[in-house]
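Worksheet for the structure shown next.
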Amino acid sequence: MFSRVSVLVPTRGRIDRLKTLLTSFEITSGDLEDADIIFRVDDDDVETRDFLFDRHEKVLAGPRFQGYQSMPRFFNELSSVASGDVLMCGNDDMVFKTLHWPARMLEVANQYPDG
């Protein structure tokens with residue numbers, strides 16, 4: 001049975017959008033036991049890295065590699081440390097609008113006994 005959603009977010013240089021993302025996540029998630037959000041930032045993006053490390057506990061930092069071409073690698077890094085049973089690949093300009101979206105997502109996921 002699925003019990004948690006992990007949102008995976010690679011980011012670079014978009015702090016204003018991250019603020020909006022984090023605010024919408026906190027407002028709409030409901031029970032924070034149902035969801036978490038994990039960020040991956042390039043280690044040469046000092047401003048974003050510092051912003052996230054100051055405000056959030058789940059942050060990975062690493063080499064930029066090939067930028068957007070490395071997105072699959074970044075999502076794999078994030079998924080390797082995710083605590084959720086259900087993984088949501090996201091981005092830094094997404095906004096959550098549906099109240100209690102993790103519970104709704106888990107309800108649908110749990111309708112499938114084979115996962």
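Chain identifiers are assigned as A, B, and so on, following the order in which chains appear in the structure tokens; residues are numbered from 1 within each chain, and ligands are numbered from 1 in order of appearance.
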DSSP alpha helix (DSSP H) residues within range 32-92 of chain A, as number ranges by chain
A: 46-55, 71-81
With the cut-off set at 12 Å and counting only C-alpha atoms, tabulate each residue of range 25-59 of chain A with an atom at most that distance from an atom of range 76-98 of chain A, showing the nearest atom pair and its distance in Å to one decimal, ordered by chain and increasing number, as CSV.
```
residue,atom,partner,partner_atom,distance
A:Phe25,CA,A:Phe96,CA,5.8
A:Glu26,CA,A:Phe96,CA,9.0
A:Ile27,CA,A:Phe96,CA,8.4
A:Thr28,CA,A:Thr98,CA,6.2
A:Ser29,CA,A:Thr98,CA,8.3
A:Gly30,CA,A:Thr98,CA,10.1
A:Leu32,CA,A:Gly84,CA,11.8
A:Glu33,CA,A:Gly84,CA,10.0
A:Asp34,CA,A:Gly84,CA,8.4
A:Ala35,CA,A:Gly84,CA,7.2
A:Asp36,CA,A:Gly84,CA,7.6
A:Ile37,CA,A:Ala82,CA,8.5
A:Ile38,CA,A:Leu78,CA,6.8
A:Phe39,CA,A:Leu78,CA,7.4
A:Arg40,CA,A:Leu78,CA,6.9
A:Val41,CA,A:Leu78,CA,10.5
A:Thr48,CA,A:Asp92,CA,11.3
A:Leu52,CA,A:Asp92,CA,11.9
A:Lys58,CA,A:Val81,CA,9.0
A:Val59,CA,A:Leu78,CA,8.9
```
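The closest residue to Ala61 in chain A, picked from A:Asp16, A:Asp43, A:Asp114, A:Glu107 and counting only C-alpha atoms, is A:Asp43.
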Counting only C-alpha atoms, figure out which residue out of A:Ile15, A:Leu8, A:Leu106, A:Val46 gets nearest to Met71 in chain A.
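Using only C-alpha atoms, Met71 in chain A sits closest to A:Leu8.
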Residues of chain A classed as strand (DSSP E) by DSSP on the backbone are to be reported as a list in words.
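So the strand (DSSP E) residues in chain A would be Val5, Ser6, Val7, Leu8, Val9, Pro10, Thr11, Ala35, Asp36, Ile37, Ile38, Phe39, Arg40, Val41, Asp42, Val59, Leu60, Ala61, Gly62, Val86, Leu87, Met88 and Cys89 of chain A.
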